[in-house]
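Raw contents of start_24.txt, compact mmCIF, N, CA, C and O atoms:
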# COMPACT_ATOMS: atom_id res chain seq x y z
N MET S 1 45.69 3.49 34.97
CA MET S 1 44.83 3.66 33.81
C MET S 1 43.53 2.86 33.97
O MET S 1 42.47 3.35 33.65
N TYR S 2 43.66 1.62 34.46
CA TYR S 2 42.46 0.79 34.59
C TYR S 2 41.51 1.31 35.65
O TYR S 2 40.31 1.13 35.54
N ASN S 3 42.07 1.98 36.67
CA ASN S 3 41.19 2.54 37.68
C ASN S 3 40.35 3.69 37.12
O ASN S 3 39.22 3.89 37.53
N LEU S 4 40.89 4.43 36.15
CA LEU S 4 40.11 5.50 35.51
C LEU S 4 38.99 4.92 34.64
O LEU S 4 37.89 5.47 34.60
N ILE S 5 39.27 3.83 33.98
CA ILE S 5 38.24 3.18 33.17
C ILE S 5 37.13 2.65 34.07
O ILE S 5 35.95 2.82 33.79
N GLY S 6 37.53 2.04 35.17
CA GLY S 6 36.54 1.53 36.12
C GLY S 6 35.70 2.65 36.72
O GLY S 6 34.48 2.51 36.86
N ALA S 7 36.34 3.76 37.06
CA ALA S 7 35.60 4.90 37.61
C ALA S 7 34.62 5.45 36.57
O ALA S 7 33.49 5.80 36.89
N GLY S 8 35.06 5.50 35.33
CA GLY S 8 34.18 5.97 34.26
C GLY S 8 32.97 5.07 34.08
O GLY S 8 31.85 5.55 33.89
N LEU S 9 33.19 3.78 34.14
CA LEU S 9 32.08 2.84 34.01
C LEU S 9 31.10 2.98 35.17
O LEU S 9 29.88 2.89 34.98
N ILE S 10 31.62 3.21 36.37
CA ILE S 10 30.75 3.40 37.52
C ILE S 10 29.92 4.66 37.36
O ILE S 10 28.72 4.67 37.66
N VAL S 11 30.54 5.72 36.88
CA VAL S 11 29.80 6.98 36.70
C VAL S 11 28.73 6.82 35.62
O VAL S 11 27.60 7.32 35.78
N ILE S 12 29.05 6.15 34.55
CA ILE S 12 28.05 5.90 33.50
C ILE S 12 26.90 5.06 34.06
O ILE S 12 25.72 5.35 33.83
N GLY S 13 27.24 4.03 34.81
CA GLY S 13 26.21 3.19 35.43
C GLY S 13 25.35 3.97 36.40
O GLY S 13 24.12 3.78 36.46
N ALA S 14 25.96 4.87 37.15
CA ALA S 14 25.20 5.69 38.08
C ALA S 14 24.24 6.62 37.34
O ALA S 14 23.10 6.81 37.75
N GLY S 15 24.70 7.19 36.24
CA GLY S 15 23.83 8.04 35.44
C GLY S 15 22.63 7.28 34.88
O GLY S 15 21.50 7.76 34.92
N LEU S 16 22.89 6.09 34.38
CA LEU S 16 21.79 5.26 33.88
C LEU S 16 20.85 4.87 35.01
O LEU S 16 19.63 4.85 34.84
N GLY S 17 21.42 4.56 36.16
CA GLY S 17 20.60 4.19 37.31
C GLY S 17 19.72 5.34 37.79
O GLY S 17 18.54 5.14 38.13
N LEU S 18 20.27 6.54 37.82
CA LEU S 18 19.48 7.70 38.23
C LEU S 18 18.34 7.96 37.25
O LEU S 18 17.23 8.31 37.64
N GLY S 19 18.61 7.77 35.96
CA GLY S 19 17.56 7.93 34.97
C GLY S 19 16.45 6.90 35.15
O GLY S 19 15.27 7.20 35.04
N LYS S 20 16.85 5.68 35.44
CA LYS S 20 15.87 4.60 35.67
C LYS S 20 15.05 4.87 36.93
O LYS S 20 13.83 4.67 36.94
N ILE S 21 15.71 5.34 37.98
CA ILE S 21 15.00 5.66 39.22
C ILE S 21 13.97 6.76 38.97
O ILE S 21 12.82 6.65 39.39
N GLY S 22 14.40 7.82 38.29
CA GLY S 22 13.48 8.93 38.01
C GLY S 22 12.31 8.51 37.13
O GLY S 22 11.16 8.87 37.40
N GLY S 23 12.60 7.75 36.10
CA GLY S 23 11.54 7.30 35.20
C GLY S 23 10.53 6.39 35.89
O GLY S 23 9.32 6.53 35.73
N SER S 24 11.05 5.47 36.68
CA SER S 24 10.17 4.55 37.40
C SER S 24 9.33 5.29 38.44
O SER S 24 8.16 4.96 38.65
N ALA S 25 9.93 6.28 39.08
CA ALA S 25 9.19 7.06 40.07
C ALA S 25 8.06 7.84 39.41
O ALA S 25 6.95 7.92 39.94
N MET S 26 8.33 8.41 38.25
CA MET S 26 7.28 9.17 37.55
C MET S 26 6.13 8.25 37.13
O MET S 26 4.96 8.62 37.22
N GLU S 27 6.46 7.05 36.68
CA GLU S 27 5.42 6.09 36.32
C GLU S 27 4.59 5.70 37.54
O GLU S 27 3.37 5.59 37.47
N ALA S 28 5.28 5.48 38.66
CA ALA S 28 4.57 5.09 39.88
C ALA S 28 3.67 6.21 40.38
O ALA S 28 2.54 5.96 40.82
N ILE S 29 4.14 7.44 40.30
CA ILE S 29 3.32 8.59 40.73
C ILE S 29 2.12 8.75 39.80
O ILE S 29 1.02 9.08 40.25
N ALA S 30 2.32 8.49 38.50
CA ALA S 30 1.21 8.59 37.57
C ALA S 30 0.14 7.54 37.86
O ALA S 30 -1.06 7.78 37.70
N ARG S 31 0.56 6.36 38.32
CA ARG S 31 -0.39 5.30 38.64
C ARG S 31 -1.09 5.52 39.97
O ARG S 31 -2.26 5.20 40.12
N GLN S 32 -0.35 6.03 40.95
CA GLN S 32 -0.90 6.24 42.29
C GLN S 32 -0.52 7.64 42.79
O GLN S 32 0.45 7.78 43.56
N PRO S 33 -1.23 8.65 42.38
CA PRO S 33 -0.88 10.02 42.79
C PRO S 33 -0.93 10.24 44.29
O PRO S 33 -0.22 11.09 44.82
N GLU S 34 -1.75 9.47 44.99
CA GLU S 34 -1.86 9.66 46.44
C GLU S 34 -0.59 9.21 47.18
O GLU S 34 -0.37 9.60 48.32
N ALA S 35 0.23 8.40 46.55
CA ALA S 35 1.47 7.93 47.17
C ALA S 35 2.69 8.74 46.71
O ALA S 35 3.83 8.33 46.92
N ALA S 36 2.47 9.89 46.11
CA ALA S 36 3.56 10.68 45.53
C ALA S 36 4.61 11.06 46.57
O ALA S 36 5.81 11.02 46.29
N GLY S 37 4.19 11.43 47.76
CA GLY S 37 5.14 11.84 48.79
C GLY S 37 6.09 10.73 49.19
O GLY S 37 7.31 10.94 49.29
N LYS S 38 5.56 9.53 49.40
CA LYS S 38 6.40 8.40 49.78
C LYS S 38 7.33 8.00 48.64
O LYS S 38 8.50 7.68 48.87
N ILE S 39 6.81 8.02 47.43
CA ILE S 39 7.62 7.64 46.27
C ILE S 39 8.75 8.64 46.07
O ILE S 39 9.90 8.27 45.83
N GLN S 40 8.42 9.92 46.19
CA GLN S 40 9.43 10.95 45.99
C GLN S 40 10.52 10.87 47.06
O GLN S 40 11.71 11.02 46.75
N THR S 41 10.13 10.62 48.29
CA THR S 41 11.12 10.50 49.37
C THR S 41 12.06 9.33 49.12
O THR S 41 13.28 9.46 49.24
N ALA S 42 11.50 8.19 48.75
CA ALA S 42 12.33 7.02 48.46
C ALA S 42 13.24 7.28 47.26
O ALA S 42 14.42 6.89 47.27
N MET S 43 12.73 7.97 46.25
CA MET S 43 13.52 8.27 45.06
C MET S 43 14.71 9.16 45.42
O MET S 43 15.83 8.93 44.95
N ILE S 44 14.49 10.16 46.25
CA ILE S 44 15.57 11.08 46.62
C ILE S 44 16.63 10.36 47.44
O ILE S 44 17.83 10.56 47.23
N ILE S 45 16.22 9.50 48.36
CA ILE S 45 17.19 8.77 49.19
C ILE S 45 18.03 7.83 48.33
O ILE S 45 19.26 7.79 48.43
N ILE S 46 17.38 7.07 47.47
CA ILE S 46 18.11 6.13 46.61
C ILE S 46 19.01 6.88 45.65
O ILE S 46 20.16 6.51 45.42
N GLY S 47 18.51 7.99 45.09
CA GLY S 47 19.32 8.80 44.18
C GLY S 47 20.55 9.36 44.86
O GLY S 47 21.65 9.39 44.27
N ALA S 48 20.40 9.80 46.10
CA ALA S 48 21.55 10.32 46.83
C ALA S 48 22.59 9.24 47.09
O ALA S 48 23.81 9.48 47.00
N LEU S 49 22.14 8.04 47.41
CA LEU S 49 23.08 6.94 47.63
C LEU S 49 23.83 6.56 46.35
O LEU S 49 25.04 6.34 46.37
N VAL S 50 23.12 6.52 45.24
CA VAL S 50 23.76 6.19 43.97
C VAL S 50 24.74 7.29 43.57
O VAL S 50 25.86 7.01 43.12
N GLU S 51 24.36 8.54 43.77
CA GLU S 51 25.24 9.64 43.43
C GLU S 51 26.47 9.65 44.33
O GLU S 51 27.58 9.96 43.88
N GLY S 52 26.31 9.32 45.59
CA GLY S 52 27.45 9.22 46.49
C GLY S 52 28.43 8.16 46.04
O GLY S 52 29.65 8.34 46.13
N LEU S 53 27.91 7.05 45.55
CA LEU S 53 28.76 5.99 45.03
C LEU S 53 29.55 6.49 43.82
O LEU S 53 30.75 6.23 43.69
N ALA S 54 28.90 7.25 42.95
CA ALA S 54 29.58 7.77 41.76
C ALA S 54 30.67 8.77 42.15
O ALA S 54 31.78 8.73 41.59
N PHE S 55 30.40 9.64 43.11
CA PHE S 55 31.43 10.58 43.56
C PHE S 55 32.59 9.85 44.22
O PHE S 55 33.74 10.23 44.05
N GLY S 56 32.27 8.82 44.98
CA GLY S 56 33.33 8.01 45.59
C GLY S 56 34.22 7.37 44.53
O GLY S 56 35.44 7.31 44.68
N ALA S 57 33.60 6.90 43.46
CA ALA S 57 34.38 6.29 42.38
C ALA S 57 35.28 7.33 41.71
O ALA S 57 36.42 7.04 41.35
N LEU S 58 34.78 8.55 41.56
CA LEU S 58 35.62 9.59 40.95
C LEU S 58 36.80 9.94 41.85
O LEU S 58 37.91 10.14 41.38
N ILE S 59 36.55 10.01 43.14
CA ILE S 59 37.63 10.37 44.07
C ILE S 59 38.67 9.26 44.14
O ILE S 59 39.87 9.51 44.10
N LEU S 60 38.20 8.01 44.24
CA LEU S 60 39.13 6.89 44.34
C LEU S 60 39.81 6.56 43.01
O LEU S 60 40.84 5.91 42.99
N GLY S 61 39.22 7.00 41.92
CA GLY S 61 39.77 6.71 40.60
C GLY S 61 40.95 7.56 40.22
O GLY S 61 41.62 7.30 39.22
N LYS S 62 41.26 8.57 41.00
CA LYS S 62 42.37 9.47 40.65
C LYS S 62 43.70 8.82 40.85
O LYS S 62 44.20 8.22 41.53

Now that the file is in, can you turn its structure into structure tokens?
Amino acid sequence: MYNLIGAGLIVIGAGLGLGKIGGSAMEAIARQPEAAGKIQTAMIIIGALVEGLAFGALILGK
């Protein structure tokens, strides 16, 4: 039971983290449009790593 609660907390944290990453990236692109490509690439890589962590938590939480 506790592993399901922990997995749920990780997934919620990952969702909040992805929202923060996206929001911060949009602010950074708005400030420096010429760096949009680098910012977007970094955002996608970090987002994929966070999402992988969330999927791992779901798989291990079963």

Shortest interatomic distance to S:Gln40 - which of S:Ala25, S:Leu4, S:Ala14, S:Gly56, counting only N, CA, C and O atoms:
S:Ala25

If you measure from atom CA of S:Phe55 to atom CA of S:Leu16, what distance in Å do you get, rounded to one decimal?
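Atom CA of S:Phe55 sits 14.7 Å away from atom CA of S:Leu16.
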
Non-local contacts of stretch 5-13 of chain S (6 Å; all atoms listed in the file; under 2 positions in same chain excluded) as a list in words
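The residues satisfying every condition are Met1, Tyr2, Asn3, Gly15, Leu16, Gly17, Leu18, Ala54, Ala57, Leu58 and Gly61 of chain S.
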
Quick one, how far is atom N of S:Leu49 from atom O of S:Met26?
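Atom-to-atom, atom N of S:Leu49 to atom O of S:Met26, that is 20.0 Å.
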
Just to confirm, what's the straight-line distance from atom O of S:Gly22 to atom N of S:Ala36 in Å (one decimal)?
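Straight-line distance from atom O of S:Gly22 to atom N of S:Ala36 works out to 12.3 Å.
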
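Within 12 Å of S:Gly37, once only C-alpha atoms are used and residues closer than 5 positions along the same chain are dropped, the contacting residues are Ala25, Met26, Ala28, Ile29, Gln32, Ala42, Met43 and Ile44 of chain S.
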
Using the block above, I'd like stretch 15-31 of chain S written out, keeping N, CA, C and O atoms and formatting it as a PDB file, in the first residue's frame.
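Below you can see part.pdb, which holds the result:
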ATOM      1  N   GLY S  15       4.504  15.675 -12.554  1.00  0.00           N
ATOM      2  CA  GLY S  15       3.583  16.562 -13.263  1.00  0.00           C
ATOM      3  C   GLY S  15       3.843  18.025 -12.930  1.00  0.00           C
ATOM      4  O   GLY S  15       3.855  18.880 -13.818  1.00  0.00           O
ATOM      5  N   LEU S  16       4.053  18.304 -11.668  1.00  0.00           N
ATOM      6  CA  LEU S  16       4.371  19.676 -11.271  1.00  0.00           C
ATOM      7  C   LEU S  16       5.704  20.121 -11.862  1.00  0.00           C
ATOM      8  O   LEU S  16       5.855  21.258 -12.301  1.00  0.00           O
ATOM      9  N   GLY S  17       6.668  19.214 -11.867  1.00  0.00           N
ATOM     10  CA  GLY S  17       7.975  19.534 -12.432  1.00  0.00           C
ATOM     11  C   GLY S  17       7.906  19.819 -13.926  1.00  0.00           C
ATOM     12  O   GLY S  17       8.553  20.749 -14.423  1.00  0.00           O
ATOM     13  N   LEU S  18       7.134  19.023 -14.648  1.00  0.00           N
ATOM     14  CA  LEU S  18       6.982  19.255 -16.086  1.00  0.00           C
ATOM     15  C   LEU S  18       6.316  20.603 -16.354  1.00  0.00           C
ATOM     16  O   LEU S  18       6.684  21.318 -17.289  1.00  0.00           O
ATOM     17  N   GLY S  19       5.334  20.953 -15.536  1.00  0.00           N
ATOM     18  CA  GLY S  19       4.699  22.259 -15.681  1.00  0.00           C
ATOM     19  C   GLY S  19       5.668  23.398 -15.424  1.00  0.00           C
ATOM     20  O   GLY S  19       5.679  24.403 -16.133  1.00  0.00           O
ATOM     21  N   LYS S  20       6.496  23.226 -14.412  1.00  0.00           N
ATOM     22  CA  LYS S  20       7.507  24.251 -14.087  1.00  0.00           C
ATOM     23  C   LYS S  20       8.541  24.370 -15.204  1.00  0.00           C
ATOM     24  O   LYS S  20       8.940  25.479 -15.574  1.00  0.00           O
ATOM     25  N   ILE S  21       8.966  23.236 -15.743  1.00  0.00           N
ATOM     26  CA  ILE S  21       9.933  23.249 -16.847  1.00  0.00           C
ATOM     27  C   ILE S  21       9.349  23.982 -18.048  1.00  0.00           C
ATOM     28  O   ILE S  21      10.000  24.839 -18.647  1.00  0.00           O
ATOM     29  N   GLY S  22       8.114  23.641 -18.407  1.00  0.00           N
ATOM     30  CA  GLY S  22       7.473  24.282 -19.559  1.00  0.00           C
ATOM     31  C   GLY S  22       7.279  25.778 -19.359  1.00  0.00           C
ATOM     32  O   GLY S  22       7.554  26.581 -20.250  1.00  0.00           O
ATOM     33  N   GLY S  23       6.817  26.151 -18.176  1.00  0.00           N
ATOM     34  CA  GLY S  23       6.599  27.566 -17.897  1.00  0.00           C
ATOM     35  C   GLY S  23       7.886  28.373 -17.910  1.00  0.00           C
ATOM     36  O   GLY S  23       7.954  29.472 -18.471  1.00  0.00           O
ATOM     37  N   SER S  24       8.913  27.815 -17.302  1.00  0.00           N
ATOM     38  CA  SER S  24      10.203  28.509 -17.274  1.00  0.00           C
ATOM     39  C   SER S  24      10.802  28.620 -18.673  1.00  0.00           C
ATOM     40  O   SER S  24      11.424  29.632 -19.013  1.00  0.00           O
ATOM     41  N   ALA S  25      10.625  27.577 -19.467  1.00  0.00           N
ATOM     42  CA  ALA S  25      11.143  27.619 -20.837  1.00  0.00           C
ATOM     43  C   ALA S  25      10.427  28.691 -21.659  1.00  0.00           C
ATOM     44  O   ALA S  25      11.058  29.416 -22.434  1.00  0.00           O
ATOM     45  N   MET S  26       9.129  28.804 -21.492  1.00  0.00           N
ATOM     46  CA  MET S  26       8.385  29.831 -22.235  1.00  0.00           C
ATOM     47  C   MET S  26       8.820  31.234 -21.823  1.00  0.00           C
ATOM     48  O   MET S  26       8.952  32.124 -22.667  1.00  0.00           O
ATOM     49  N   GLU S  27       9.067  31.433 -20.534  1.00  0.00           N
ATOM     50  CA  GLU S  27       9.553  32.732 -20.075  1.00  0.00           C
ATOM     51  C   GLU S  27      10.933  33.031 -20.651  1.00  0.00           C
ATOM     52  O   GLU S  27      11.217  34.156 -21.066  1.00  0.00           O
ATOM     53  N   ALA S  28      11.792  32.012 -20.670  1.00  0.00           N
ATOM     54  CA  ALA S  28      13.142  32.211 -21.196  1.00  0.00           C
ATOM     55  C   ALA S  28      13.115  32.515 -22.691  1.00  0.00           C
ATOM     56  O   ALA S  28      13.863  33.375 -23.177  1.00  0.00           O
ATOM     57  N   ILE S  29      12.251  31.834 -23.424  1.00  0.00           N
ATOM     58  CA  ILE S  29      12.135  32.081 -24.871  1.00  0.00           C
ATOM     59  C   ILE S  29      11.578  33.480 -25.116  1.00  0.00           C
ATOM     60  O   ILE S  29      11.998  34.170 -26.050  1.00  0.00           O
ATOM     61  N   ALA S  30      10.647  33.918 -24.256  1.00  0.00           N
ATOM     62  CA  ALA S  30      10.093  35.261 -24.417  1.00  0.00           C
ATOM     63  C   ALA S  30      11.166  36.329 -24.173  1.00  0.00           C
ATOM     64  O   ALA S  30      11.168  37.381 -24.819  1.00  0.00           O
ATOM     65  N   ARG S  31      12.094  36.054 -23.260  1.00  0.00           N
ATOM     66  CA  ARG S  31      13.161  37.015 -22.972  1.00  0.00           C
ATOM     67  C   ARG S  31      14.253  37.006 -24.032  1.00  0.00           C
ATOM     68  O   ARG S  31      14.815  38.047 -24.352  1.00  0.00           O
TER      69      ARG S  31
END
